[in-house]
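Undergrad: run.cif is reproduced in full below (mmCIF, C-alpha atoms and all ligand atoms).
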```cif
data_run
loop_
_atom_site.label_atom_id
_atom_site.label_comp_id
_atom_site.auth_asym_id
_atom_site.auth_seq_id
_atom_site.Cartn_x
_atom_site.Cartn_y
_atom_site.Cartn_z
CA MET V 1 0.00 0.00 0.00
CA TRP V 2 1.28 3.44 -0.90
CA ASN V 3 0.68 4.77 2.61
CA ASP V 4 3.03 2.14 4.03
CA HIS V 5 5.88 3.58 1.95
CA ALA V 6 4.88 7.20 1.27
CA ASP V 7 6.98 8.73 4.06
CA ILE V 8 10.26 7.26 2.83
CA TYR V 9 9.61 8.44 -0.75
CA LYS V 10 8.64 11.89 0.58
CA GLU V 11 12.08 12.00 2.09
CA TRP V 12 13.74 10.82 -1.14
CA ALA V 13 11.88 13.52 -3.06
CA THR V 14 13.61 16.19 -0.96
CA LYS V 15 16.99 14.77 -2.01
CA LEU V 16 16.65 13.45 -5.55
CA LYS V 17 15.59 14.95 -8.84
CA ILE V 18 14.60 12.19 -11.25
CA ASP V 19 13.97 12.88 -14.92
CA ARG V 20 12.12 9.70 -15.73
CA ILE V 21 10.38 7.28 -13.40
CA GLY V 22 9.14 3.83 -14.39
CA ILE V 23 6.53 1.99 -12.34
CA ILE V 24 7.19 -1.67 -12.95
CA GLY V 25 6.17 -5.04 -11.58
CA GLY V 26 5.49 -8.03 -12.03
CA GLU V 27 2.29 -6.44 -13.15
CA PRO V 28 1.93 -3.15 -11.26
CA MET V 29 -1.76 -2.73 -12.10
CA LEU V 30 -2.59 -5.86 -10.10
CA ASN V 31 -1.82 -3.85 -6.99
CA PRO V 32 -5.26 -2.63 -5.79
CA ASP V 33 -3.53 0.51 -4.50
CA PHE V 34 -1.88 1.21 -7.87
CA MET V 35 -3.58 4.58 -8.43
CA SER V 36 -2.38 5.83 -5.01
CA TRP V 37 1.17 4.90 -6.00
CA LEU V 38 0.81 6.71 -9.31
CA THR V 39 -0.69 9.90 -7.92
CA GLY V 40 1.61 9.76 -4.88
CA ILE V 41 4.76 9.54 -7.00
CA ASN V 42 3.43 12.19 -9.34
CA SER V 43 2.81 14.60 -6.47
CA LEU V 44 6.32 14.05 -5.04
CA TRP V 45 8.06 14.45 -8.42
CA PRO V 46 5.55 16.66 -10.29
CA THR V 47 7.83 17.45 -13.24
CA SER V 48 9.17 13.92 -13.78
CA GLU V 49 8.03 11.81 -16.69
CA ILE V 50 6.29 8.68 -15.40
CA GLU V 51 6.08 5.53 -17.46
CA ILE V 52 3.76 2.76 -16.27
CA VAL V 53 5.12 -0.54 -17.54
CA THR V 54 2.32 -3.08 -17.83
CA ASN V 55 1.28 -6.10 -19.85
CA GLY V 56 -1.85 -4.17 -20.84
CA SER V 57 -4.32 -6.69 -19.48
CA GLN V 58 -5.45 -4.63 -16.48
CA LEU V 59 -6.15 -1.20 -17.96
CA HIS V 60 -9.85 -1.46 -17.18
CA ARG V 61 -9.21 -2.31 -13.56
CA HIS V 62 -8.44 1.34 -12.76
CA PRO V 63 -11.25 3.54 -14.09
CA ASP V 64 -9.50 6.79 -13.07
CA LEU V 65 -6.34 5.95 -14.98
CA TYR V 66 -7.45 7.23 -18.38
CA ASN V 67 -8.36 10.72 -17.08
CA THR V 68 -5.16 10.90 -15.02
CA LEU V 69 -3.19 10.29 -18.21
CA ALA V 70 -5.32 12.68 -20.28
CA ASN V 71 -4.80 15.46 -17.72
CA SER V 72 -1.05 14.90 -17.45
CA HIS V 73 -0.17 16.27 -20.91
CA GLN V 74 1.80 13.08 -21.65
CA LEU V 75 3.97 13.47 -18.55
CA ILE V 76 2.41 10.19 -17.44
CA HIS V 77 2.09 7.49 -20.06
CA VAL V 78 1.64 3.76 -20.37
CA LYS V 79 4.07 1.29 -21.86
CA ILE V 80 2.52 -2.03 -22.78
CA SER V 81 5.32 -4.52 -22.73
CA PHE V 82 4.20 -8.02 -23.55
CA HIS V 83 6.83 -10.37 -24.83
CA GLY V 84 4.74 -12.61 -27.01
CA VAL V 85 3.74 -11.64 -30.51
CA GLY V 86 1.06 -14.35 -30.37
CA GLN V 87 -0.84 -12.22 -27.83
CA LYS V 88 -0.77 -9.19 -30.05
CA GLN V 89 -4.37 -9.38 -31.25
CA LYS V 90 -5.83 -9.43 -27.76
CA VAL V 91 -3.54 -6.68 -26.46
CA MET V 92 -4.33 -4.47 -29.45
CA LYS V 93 -8.09 -5.11 -29.23
CA ASP V 94 -8.18 -4.12 -25.55
CA LEU V 95 -6.13 -1.03 -26.26
CA ASP V 96 -8.31 -0.06 -29.18
CA THR V 97 -11.41 0.06 -26.97
CA TRP V 98 -9.56 1.95 -24.22
CA LEU V 99 -8.17 4.76 -26.35
CA VAL V 100 -10.37 7.52 -27.79
CA HIS V 101 -10.24 7.68 -31.58
CA PRO V 102 -8.81 9.02 -33.83
CA VAL V 103 -5.47 7.49 -32.87
CA LYS V 104 -2.13 8.45 -34.42
CA LYS V 105 0.69 5.92 -34.40
CA ILE V 106 4.43 6.03 -35.00
CA VAL V 107 7.11 3.33 -34.97
CA ASN V 108 10.11 4.17 -32.83
CA HIS V 109 13.55 2.92 -33.87
CA THR V 110 16.15 3.39 -31.12
CA ALA V 111 19.89 2.86 -30.69
CA TYR V 112 19.00 -0.27 -28.72
CA THR V 113 16.79 -1.81 -31.43
CA ASP V 114 19.34 -0.88 -34.09
CA ALA V 115 22.11 -2.53 -32.07
CA LEU V 116 19.99 -5.68 -31.72
CA TRP V 117 19.40 -5.63 -35.47
CA ALA V 118 23.13 -5.32 -36.22
CA THR V 119 23.92 -8.31 -34.01
CA ALA V 120 21.07 -10.40 -35.44
CA TRP V 121 22.10 -9.46 -38.99
CA ASN V 122 25.68 -10.54 -38.43
CA ASN V 123 24.40 -13.87 -37.11
CA ILE V 124 22.43 -14.71 -40.25
CA ARG V 125 24.32 -13.01 -43.06
CA ASP V 126 26.07 -14.87 -45.82
CA PRO V 127 29.64 -13.57 -46.42
CA SER V 128 28.60 -12.45 -49.90
CA TRP V 129 25.77 -10.23 -48.63
CA PRO V 130 26.21 -6.45 -48.36
CA ASN V 131 26.11 -4.57 -45.07
CA CYS V 132 22.74 -3.88 -43.55
CA ASP V 133 23.49 -2.04 -40.33
CA THR V 134 19.96 -0.90 -39.49
CA PRO V 135 16.45 -2.21 -40.23
CA GLN V 136 15.87 0.76 -42.55
CA ASP V 137 18.74 -0.45 -44.78
CA PHE V 138 16.84 -3.67 -45.37
CA VAL V 139 14.76 -2.20 -48.23
CA ASN V 140 17.98 -1.48 -50.18
CA LEU V 141 19.06 -5.13 -50.20
CA PRO V 142 18.64 -7.18 -53.38
CA LYS V 143 15.20 -8.79 -53.52
CA TYR V 144 16.49 -12.38 -53.27
CA ILE V 145 18.26 -11.57 -49.99
CA GLN V 146 15.17 -9.84 -48.64
CA GLN V 147 13.12 -12.93 -49.48
CA GLU V 148 15.56 -15.29 -47.84
CA CYS V 149 15.72 -13.14 -44.70
CA ASP V 150 11.94 -12.91 -44.53
CA LYS V 151 11.09 -16.55 -45.27
CA ILE V 152 13.96 -18.37 -43.60
CA HIS V 153 15.25 -16.05 -40.89
CA HIS V 154 12.03 -14.20 -40.08
CA MET V 155 13.82 -10.89 -40.42
CA SER V 156 12.64 -7.87 -42.38
CA LEU V 157 11.87 -4.20 -41.81
CA ASP V 158 8.16 -4.99 -41.31
CA ILE V 159 8.80 -7.85 -38.92
CA TRP V 160 11.32 -5.78 -36.97
CA GLU V 161 8.92 -2.85 -36.61
CA GLN V 162 6.11 -5.13 -35.46
CA GLU V 163 8.05 -7.45 -33.21
CA VAL V 164 10.97 -5.48 -31.85
CA CYS V 165 10.42 -1.71 -32.08
CA ASP V 166 8.08 0.34 -29.92
CA THR V 167 4.89 1.56 -31.56
CA ILE V 168 3.65 4.77 -29.96
CA PHE V 169 -0.06 5.62 -30.02
CA TYR V 170 -1.45 9.11 -29.34
CA ASP V 171 -5.22 9.23 -28.97
CA ALA V 172 -7.71 12.09 -29.46
CA ASN V 173 -7.08 13.31 -25.88
CA ASN V 174 -3.32 13.11 -26.26
CA VAL V 175 -3.10 10.01 -24.12
CA LYS V 176 0.17 8.32 -24.98
CA VAL V 177 0.57 4.53 -24.99
CA THR V 178 3.68 2.75 -26.18
CA VAL V 179 3.35 -0.87 -27.22
CA ASN V 180 6.29 -3.20 -27.28
CA LEU V 181 5.73 -6.86 -28.08
CA ALA V 182 9.40 -7.62 -28.52
CA ASN V 183 10.46 -11.21 -28.37
CA TYR V 184 14.06 -10.40 -29.18
CA PHE V 185 16.22 -9.70 -26.17
CA ALA V 186 19.77 -9.16 -25.10
CA ALA V 187 21.08 -11.90 -22.83
CA SER V 188 19.97 -11.65 -19.21
CA THR V 189 21.91 -11.89 -15.96
CA ILE V 190 20.44 -15.26 -15.07
CA LYS V 191 21.10 -17.94 -17.62
CA PHE V 192 20.27 -21.58 -18.03
CA ASP V 193 23.20 -23.95 -18.13
CA PRO V 194 22.16 -26.86 -20.38
CA THR V 195 24.96 -29.08 -19.05
CA THR V 196 23.99 -28.91 -15.39
CA GLN V 197 20.31 -28.15 -16.16
CA ARG V 198 20.61 -25.38 -13.58
CA LEU V 199 20.12 -21.67 -13.50
CA THR V 200 23.32 -19.76 -13.01
CA VAL V 201 24.87 -16.33 -13.60
CA HIS V 202 27.69 -15.16 -15.84
CA ASN V 203 31.31 -14.94 -14.83
CA SER V 204 32.32 -11.87 -16.81
CA ILE V 205 34.96 -9.22 -16.56
CA PRO V 206 32.90 -6.52 -14.81
CA ALA V 207 34.08 -3.66 -17.06
CA LYS V 208 33.25 -5.66 -20.19
CA ALA V 209 29.76 -6.49 -18.97
CA PHE V 210 29.22 -2.89 -17.93
CA ALA V 211 30.32 -1.65 -21.36
CA VAL V 212 27.45 -3.46 -23.11
CA CYS V 213 24.93 -2.99 -20.29
CA TYR V 214 21.64 -1.25 -21.07
CA SER V 215 20.64 -1.01 -17.41
CA LYS V 216 23.50 1.08 -16.12
CA SER V 217 21.30 4.17 -15.91
CA CYS V 218 18.16 2.35 -14.87
CA HIS V 219 18.28 2.59 -11.09
CA HIS V 220 15.73 0.82 -8.94
CA PHE V 221 13.87 1.62 -5.77
CA ILE V 222 12.85 -1.50 -3.90
CA ARG V 223 11.05 -1.04 -0.57
CA GLY V 224 12.47 2.45 -0.24
CA ARG V 225 16.13 1.50 -0.81
CA LEU V 226 17.95 2.65 -3.95
CA TYR V 227 19.86 0.21 -6.18
CA LYS V 228 22.18 0.85 -9.08
CA CYS V 229 20.20 -1.47 -11.36
CA GLY V 230 17.67 -4.28 -11.40
CA PRO V 231 20.09 -7.21 -11.06
CA VAL V 232 21.72 -6.01 -7.82
CA GLY V 233 18.28 -5.36 -6.35
CA ILE V 234 16.46 -8.42 -7.55
CA LEU V 235 19.10 -11.14 -7.82
CA PRO V 236 19.34 -11.80 -4.05
CA GLU V 237 15.56 -12.09 -3.87
CA PHE V 238 15.47 -14.34 -6.92
CA TYR V 239 18.14 -16.46 -5.29
CA GLN V 240 15.89 -16.94 -2.26
CA GLN V 241 13.06 -18.20 -4.43
CA PHE V 242 14.81 -20.29 -7.06
CA PRO V 243 17.82 -22.58 -7.06
CA ILE V 244 20.63 -20.66 -8.73
CA GLU V 245 24.02 -22.30 -9.01
CA MET V 246 26.61 -19.93 -7.49
CA SER V 247 29.95 -20.32 -5.77
CA ASP V 248 30.20 -19.22 -2.14
CA SER V 249 32.32 -16.23 -3.09
CA ASP V 250 29.82 -15.16 -5.75
CA ARG V 251 26.98 -15.48 -3.29
CA ASN V 252 28.86 -13.35 -0.79
CA LEU V 253 29.54 -10.78 -3.49
CA MET V 254 25.87 -10.74 -4.48
CA ASN V 255 24.83 -10.17 -0.87
CA ALA V 256 27.53 -7.57 -0.26
CA TYR V 257 25.81 -4.89 -2.33
CA VAL V 258 24.63 -2.06 -0.09
CA PRO V 259 21.70 -0.06 -1.52
CA GLY V 260 21.28 3.66 -0.92
CA ASP V 261 19.51 4.65 2.27
CA VAL V 262 17.57 7.89 2.58
CA ASN V 263 18.91 8.30 6.13
CA TRP V 264 22.53 8.45 5.03
CA ASP V 265 24.23 11.79 5.55
CA ASP V 266 24.47 14.14 2.60
CA GLN V 267 28.11 13.33 1.87
CA GLN V 268 27.51 9.58 1.74
CA LEU V 269 24.42 9.98 -0.42
CA LYS V 270 26.16 12.39 -2.77
CA GLN V 271 29.02 9.92 -3.27
CA PHE V 272 26.51 7.15 -3.99
CA ILE V 273 24.65 9.21 -6.60
CA ASP V 274 27.90 10.55 -8.10
CA ASP V 275 28.98 6.94 -8.67
CA PHE V 276 25.73 6.37 -10.60
CA ASN V 277 26.19 9.47 -12.69
CA ASN V 278 29.89 8.80 -13.31
CA LEU V 279 29.01 5.31 -14.57
CA LYS V 280 31.13 3.51 -12.03
CA VAL V 281 31.56 -0.21 -12.64
CA ILE V 282 30.67 -2.35 -9.62
CA PRO V 283 32.08 -5.84 -8.85
CA GLN V 284 28.58 -7.35 -9.18
CA CYS V 285 28.70 -6.51 -12.92
CA LYS V 286 30.57 -9.81 -13.25
CA PHE V 287 27.18 -11.58 -13.02
CA CYS V 288 26.01 -9.93 -16.26
CA PRO V 289 26.80 -10.98 -19.86
CA GLU V 290 29.74 -9.57 -21.79
CA ASN V 291 27.90 -10.01 -25.08
CA MET V 292 24.42 -8.97 -26.02
CA GLN V 293 23.68 -12.28 -27.78
CA PRO V 294 20.14 -11.33 -28.76
CA LYS V 295 17.74 -14.23 -28.51
CA LYS V 296 14.11 -14.80 -29.21
CA PHE V 297 11.72 -15.91 -26.57
CA GLU V 298 8.00 -15.85 -26.00
CA ALA V 299 6.58 -15.23 -22.57
CA GLY V 300 3.53 -17.06 -21.45
CA VAL V 301 1.41 -17.43 -18.36
CA LYS V 302 1.68 -21.20 -18.43
CA LYS V 303 3.91 -22.56 -15.69
CA VAL V 304 6.09 -25.50 -16.56
CA LYS V 305 8.19 -27.70 -14.39
CA PHE V 306 11.66 -26.46 -15.02
CA LEU V 307 13.77 -28.42 -12.69
CA LYS V 308 13.16 -30.55 -9.71
CA ILE V 309 15.24 -30.42 -6.59
CA HIS V 310 14.42 -31.47 -3.12
CA GLN V 311 14.73 -28.57 -0.81
CA ASN V 312 12.35 -28.12 2.09
CA SER V 313 10.34 -30.89 0.43
CA MET V 314 9.28 -28.51 -2.29
CA ASP V 315 9.51 -28.78 -6.05
CA HIS V 316 10.68 -25.60 -7.69
CA THR V 317 8.96 -24.37 -10.79
CA ILE V 318 9.68 -21.35 -12.88
CA GLN V 319 7.57 -19.44 -15.30
CA THR V 320 8.32 -20.22 -18.92
CA LEU V 321 10.66 -17.77 -20.57
S1 LIG U 401 25.27 -5.20 -12.42
FE1 LIG U 401 26.44 -3.84 -13.80
S2 LIG U 401 26.35 -4.79 -15.83
FE2 LIG U 401 24.74 -5.74 -14.54
S3 LIG U 401 22.88 -4.55 -14.95
FE3 LIG U 401 23.87 -3.64 -13.16
S4 LIG U 401 25.18 -1.99 -13.96
FE4 LIG U 401 24.64 -3.35 -15.68
#
```
Output the file's structure as structure tokens, nothing else.
Ligand code: SF4

TA:
Amino acid sequence: MWNDHADIYKEWATKLKIDRIGIIGGEPMLNPDFMSWLTGINSLWPTSEIEIVTNGSQLHRHPDLYNTLANSHQLIHVKISFHGVGQKQKVMKDLDTWLVHPVKKIVNHTAYTDALWATAWNNIRDPSWPNCDTPQDFVNLPKYIQQECDKIHHMSLDIWEQEVCDTIFYDANNVKVTVNLANYFAASTIKFDPTTQRLTVHNSIPAKAFAVCYSKSCHHFIRGRLYKCGPVGILPEFYQQFPIEMSDSDRNLMNAYVPGDVNWDDQQLKQFIDDFNNLKVIPQCKFCPENMQPKKFEAGVKKVKFLKIHQNSMDHTIQTL
């Protein structure tokens, strides 16, 4: 509940200016107190952009949401992020009834999606093929290459725009909704080791992992404490819930991360934030991949048995990725 945490964020708001705030989950709109969180955060950081990251299935659960967005002049907007192109029809149908027509739409190519394209292109290209550094260059390729890419590798400008890039919708009341159904992702911190059939983490050179990291400026608040990025905040919790293969020293390193505390003195807090802004590599970056290795996956709500171990007499399952 927002009121359980409001005081600590009130305190943070006196110390931190944040340009862009994401409200993420799980699925944040499943929280019955979601609107209090949204309006509470908005009142504490009234000039910050707020992006609500959702799977789009719960928009109708919060009847006040639409007007809050319409009155925010796009300062607050929704990002529908659902990693399964197969669900597209349902997501788009729900959105279509939620937005007020006419609706304008644009496809957003970013440095991230272009970098994913370049890596994917280099994976499939024949040595005789010309360069094709961005999706937009695709239309300049000879037709026979375009056809092969489309039919065999499922790669074309159209496919990329539909399945990887953001599509941004602006409705008649200037409500902004971004839809991303990407099923193409850079490698994650937690990986599956096919040899041991276990989940594990990477063993990278921290500076190398940091160099290709897209989360280095995506800091996380979790229960009022401030973390450099998602992995350092979430990995210890994930470790509690799922069996992850890690050496003792790695586990100690994972647990050694100290998140920012609003009660620190100004000097300590300033140093902590300066390290963020100066893009300081941390030892825990070793758990992240050194290469982007984009891969396709489809998310689903079906739970499958992933691996069975006997620990506290419980079988562990993990959601399909
Ligand atoms: S631990 Fe380092 S490399 Fe990994 S997400 Fe955080 S900042 Fe990026």

Undergrad: Can you work out which one of V:Ile273, V:Ile190, V:Met292, V:Val258 has the shortest atom-to-atom distance to Phe242 in chain V, counting all atoms listed in the file?

TA: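 Closest candidate: V:Ile190.
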
Undergrad: Around range 193-209 of chain V, fit a box with edges along x, y and z, padding it by 5 Å on each side, then list its centre and edge lengths in Å to one decimal as JSON.

TA:
```
{"center_x": 27.5, "center_y": -16.4, "center_z": -16.7, "size_x": 24.8, "size_y": 35.4, "size_z": 17.4}
```

Undergrad: Using all atoms listed in the file, what are the residues with an atom within 10 Å of ligand LIG 401 (chain U), set out as a PDB file with C-alpha atoms, keeping the file's coordinate frame?

TA:
```pdb
ATOM      1  CA  SER V 188      19.970 -11.650 -19.210  1.00  0.00           C
ATOM      2  CA  THR V 189      21.910 -11.890 -15.960  1.00  0.00           C
ATOM      3  CA  HIS V 202      27.690 -15.160 -15.840  1.00  0.00           C
ATOM      4  CA  SER V 204      32.320 -11.870 -16.810  1.00  0.00           C
ATOM      5  CA  ILE V 205      34.960  -9.220 -16.560  1.00  0.00           C
ATOM      6  CA  PRO V 206      32.900  -6.520 -14.810  1.00  0.00           C
ATOM      7  CA  ALA V 207      34.080  -3.660 -17.060  1.00  0.00           C
ATOM      8  CA  LYS V 208      33.250  -5.660 -20.190  1.00  0.00           C
ATOM      9  CA  ALA V 209      29.760  -6.490 -18.970  1.00  0.00           C
ATOM     10  CA  PHE V 210      29.220  -2.890 -17.930  1.00  0.00           C
ATOM     11  CA  ALA V 211      30.320  -1.650 -21.360  1.00  0.00           C
ATOM     12  CA  VAL V 212      27.450  -3.460 -23.110  1.00  0.00           C
ATOM     13  CA  CYS V 213      24.930  -2.990 -20.290  1.00  0.00           C
ATOM     14  CA  TYR V 214      21.640  -1.250 -21.070  1.00  0.00           C
ATOM     15  CA  SER V 215      20.640  -1.010 -17.410  1.00  0.00           C
ATOM     16  CA  LYS V 216      23.500   1.080 -16.120  1.00  0.00           C
ATOM     17  CA  SER V 217      21.300   4.170 -15.910  1.00  0.00           C
ATOM     18  CA  CYS V 218      18.160   2.350 -14.870  1.00  0.00           C
ATOM     19  CA  HIS V 219      18.280   2.590 -11.090  1.00  0.00           C
ATOM     20  CA  TYR V 227      19.860   0.210  -6.180  1.00  0.00           C
ATOM     21  CA  LYS V 228      22.180   0.850  -9.080  1.00  0.00           C
ATOM     22  CA  CYS V 229      20.200  -1.470 -11.360  1.00  0.00           C
ATOM     23  CA  GLY V 230      17.670  -4.280 -11.400  1.00  0.00           C
ATOM     24  CA  PRO V 231      20.090  -7.210 -11.060  1.00  0.00           C
ATOM     25  CA  VAL V 232      21.720  -6.010  -7.820  1.00  0.00           C
ATOM     26  CA  GLY V 233      18.280  -5.360  -6.350  1.00  0.00           C
ATOM     27  CA  LEU V 235      19.100 -11.140  -7.820  1.00  0.00           C
ATOM     28  CA  MET V 254      25.870 -10.740  -4.480  1.00  0.00           C
ATOM     29  CA  PHE V 276      25.730   6.370 -10.600  1.00  0.00           C
ATOM     30  CA  LEU V 279      29.010   5.310 -14.570  1.00  0.00           C
ATOM     31  CA  LYS V 280      31.130   3.510 -12.030  1.00  0.00           C
ATOM     32  CA  VAL V 281      31.560  -0.210 -12.640  1.00  0.00           C
ATOM     33  CA  ILE V 282      30.670  -2.350  -9.620  1.00  0.00           C
ATOM     34  CA  PRO V 283      32.080  -5.840  -8.850  1.00  0.00           C
ATOM     35  CA  GLN V 284      28.580  -7.350  -9.180  1.00  0.00           C
ATOM     36  CA  CYS V 285      28.700  -6.510 -12.920  1.00  0.00           C
ATOM     37  CA  LYS V 286      30.570  -9.810 -13.250  1.00  0.00           C
ATOM     38  CA  PHE V 287      27.180 -11.580 -13.020  1.00  0.00           C
ATOM     39  CA  CYS V 288      26.010  -9.930 -16.260  1.00  0.00           C
ATOM     40  CA  PRO V 289      26.800 -10.980 -19.860  1.00  0.00           C
ATOM     41  CA  GLU V 290      29.740  -9.570 -21.790  1.00  0.00           C
TER      42      GLU V 290
END
```

Undergrad: Between CA of Leu75 in chain V and CA of Glu49 in chain V, measure the distance and give it in Å to one decimal.

TA: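 Distance reported for this atom pair: 4.8 Å.
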
Undergrad: Every residue with an atom at most 8 Å from (16.1, -2.9, -38.1) (file coordinates; all atoms listed in the file) is what I'm after, so could you write them as a PyMOL selection string?

TA: chain V and resi 109+113-114+116-118+133-138+156-157+160-161

Undergrad: Keeping only C-alpha atoms, take the residues you just selected and write them out as a tab-separated table (two decimals), in the frame of the given file.

TA:
```tsv
chain	number	residue	atom	x	y	z
V	109	HIS	CA	13.55	2.92	-33.87
V	113	THR	CA	16.79	-1.81	-31.43
V	114	ASP	CA	19.34	-0.88	-34.09
V	116	LEU	CA	19.99	-5.68	-31.72
V	117	TRP	CA	19.40	-5.63	-35.47
V	118	ALA	CA	23.13	-5.32	-36.22
V	133	ASP	CA	23.49	-2.04	-40.33
V	134	THR	CA	19.96	-0.90	-39.49
V	135	PRO	CA	16.45	-2.21	-40.23
V	136	GLN	CA	15.87	0.76	-42.55
V	137	ASP	CA	18.74	-0.45	-44.78
V	138	PHE	CA	16.84	-3.67	-45.37
V	156	SER	CA	12.64	-7.87	-42.38
V	157	LEU	CA	11.87	-4.20	-41.81
V	160	TRP	CA	11.32	-5.78	-36.97
V	161	GLU	CA	8.92	-2.85	-36.61
```

Undergrad: Find the residues with any atom within 9 Å of (5.6, 0.4, -30.8); use all atoms listed in the file and the coordinates as given in the file, and write the answer as a PyMOL selection string.

TA: chain V and resi 80+105-109+161-169+177-181

Undergrad: Identify, on the basis of only C-alpha atoms, every residue whose closest approach to Ile41 in chain V does not exceed 12 Å; exclude the query and any residue fewer than 4 positions from it along the same chain; express the result as number ranges by chain.

TA: V: 2-3, 5-13, 18, 20-23, 34-37, 45-52, 76

Undergrad: Applying 8 Å and all atoms listed in the file, which residues near Thr119 in chain V remain after dropping the ones on its own chain fewer than 3 positions away? List them as a list of chain:residue names.

TA: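 Close residues of Thr119 in chain V: V:Ala115, V:Leu116, V:Asn122, V:Asn123, V:Gln293, V:Pro294.
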
Undergrad: Would you list the contacts of Glu148 in chain V as a PyMOL selection string, taking every protein, DNA or RNA residue within 12 Å and counting all atoms listed in the file, but skipping same-chain residues closer than 5 positions in sequence?

TA: chain V and resi 124-126+129+138+141-143+153-156

Undergrad: Write a file of the just-selected residues containing C-alpha atoms, as an mmCIF file, in the coordinates of the input.

TA:
```
data_model
loop_
_atom_site.group_PDB
_atom_site.id
_atom_site.type_symbol
_atom_site.label_atom_id
_atom_site.label_comp_id
_atom_site.auth_asym_id
_atom_site.auth_seq_id
_atom_site.Cartn_x
_atom_site.Cartn_y
_atom_site.Cartn_z
ATOM 1 C CA ILE V 124 22.430 -14.710 -40.250
ATOM 2 C CA ARG V 125 24.320 -13.010 -43.060
ATOM 3 C CA ASP V 126 26.070 -14.870 -45.820
ATOM 4 C CA TRP V 129 25.770 -10.230 -48.630
ATOM 5 C CA PHE V 138 16.840 -3.670 -45.370
ATOM 6 C CA LEU V 141 19.060 -5.130 -50.200
ATOM 7 C CA PRO V 142 18.640 -7.180 -53.380
ATOM 8 C CA LYS V 143 15.200 -8.790 -53.520
ATOM 9 C CA HIS V 153 15.250 -16.050 -40.890
ATOM 10 C CA HIS V 154 12.030 -14.200 -40.080
ATOM 11 C CA MET V 155 13.820 -10.890 -40.420
ATOM 12 C CA SER V 156 12.640 -7.870 -42.380
#
```

Undergrad: How many Å lie between CA of Ile152 in chain V and CA of Ala182 in chain V, rounded to one decimal?

TA: 19.1 Å

Undergrad: Could you tell me which of V:Asn263, V:Ser43, V:Ile244, V:Tyr112 comes closest to Thr196 in chain V if we count only C-alpha atoms?

TA: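 For Thr196 in chain V, the nearest of the given residues is V:Ile244.
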
Undergrad: Select, from V:Ile234, V:Cys132, V:Met92, V:Ala111, the residue with the minimum atom-to-atom distance to Gly26 in chain V, counting all atoms listed in the file.

TA: V:Ile234

Undergrad: For N, CA and C atoms, please extract range 124-137 of chain V from the block and return it as a tab-separated table (two decimals), in the first residue's frame.

TA:
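The resulting file, selection07.tsv, is shown below:
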```
chain	number	residue	atom	x	y	z
V	124	ILE	N	23.08	-13.97	-39.16
V	124	ILE	CA	22.43	-14.71	-40.25
V	124	ILE	C	23.08	-14.46	-41.61
V	125	ARG	N	23.90	-13.43	-41.72
V	125	ARG	CA	24.32	-13.01	-43.06
V	125	ARG	C	25.28	-14.01	-43.71
V	126	ASP	N	25.13	-14.12	-45.00
V	126	ASP	CA	26.07	-14.87	-45.82
V	126	ASP	C	27.25	-13.93	-46.10
V	127	PRO	N	28.50	-14.46	-46.19
V	127	PRO	CA	29.64	-13.57	-46.42
V	127	PRO	C	29.51	-12.72	-47.69
V	128	SER	N	28.72	-13.21	-48.64
V	128	SER	CA	28.60	-12.45	-49.90
V	128	SER	C	27.58	-11.31	-49.81
V	129	TRP	N	26.82	-11.25	-48.73
V	129	TRP	CA	25.77	-10.23	-48.63
V	129	TRP	C	26.36	-8.87	-48.27
V	130	PRO	N	25.72	-7.80	-48.73
V	130	PRO	CA	26.21	-6.45	-48.36
V	130	PRO	C	25.87	-6.11	-46.91
V	131	ASN	N	26.43	-5.02	-46.43
V	131	ASN	CA	26.11	-4.57	-45.07
V	131	ASN	C	24.64	-4.17	-44.98
V	132	CYS	N	24.12	-4.33	-43.80
V	132	CYS	CA	22.74	-3.88	-43.55
V	132	CYS	C	22.68	-3.53	-42.06
V	133	ASP	N	23.24	-2.36	-41.73
V	133	ASP	CA	23.49	-2.04	-40.33
V	133	ASP	C	22.23	-1.72	-39.52
V	134	THR	N	21.19	-1.24	-40.21
V	134	THR	CA	19.96	-0.90	-39.49
V	134	THR	C	18.77	-1.51	-40.23
V	135	PRO	N	17.63	-1.64	-39.56
V	135	PRO	CA	16.45	-2.21	-40.23
V	135	PRO	C	16.05	-1.40	-41.47
V	136	GLN	N	16.27	-0.08	-41.40
V	136	GLN	CA	15.87	0.76	-42.55
V	136	GLN	C	16.68	0.44	-43.80
V	137	ASP	N	17.91	-0.10	-43.62
V	137	ASP	CA	18.74	-0.45	-44.78
V	137	ASP	C	18.22	-1.70	-45.50
```
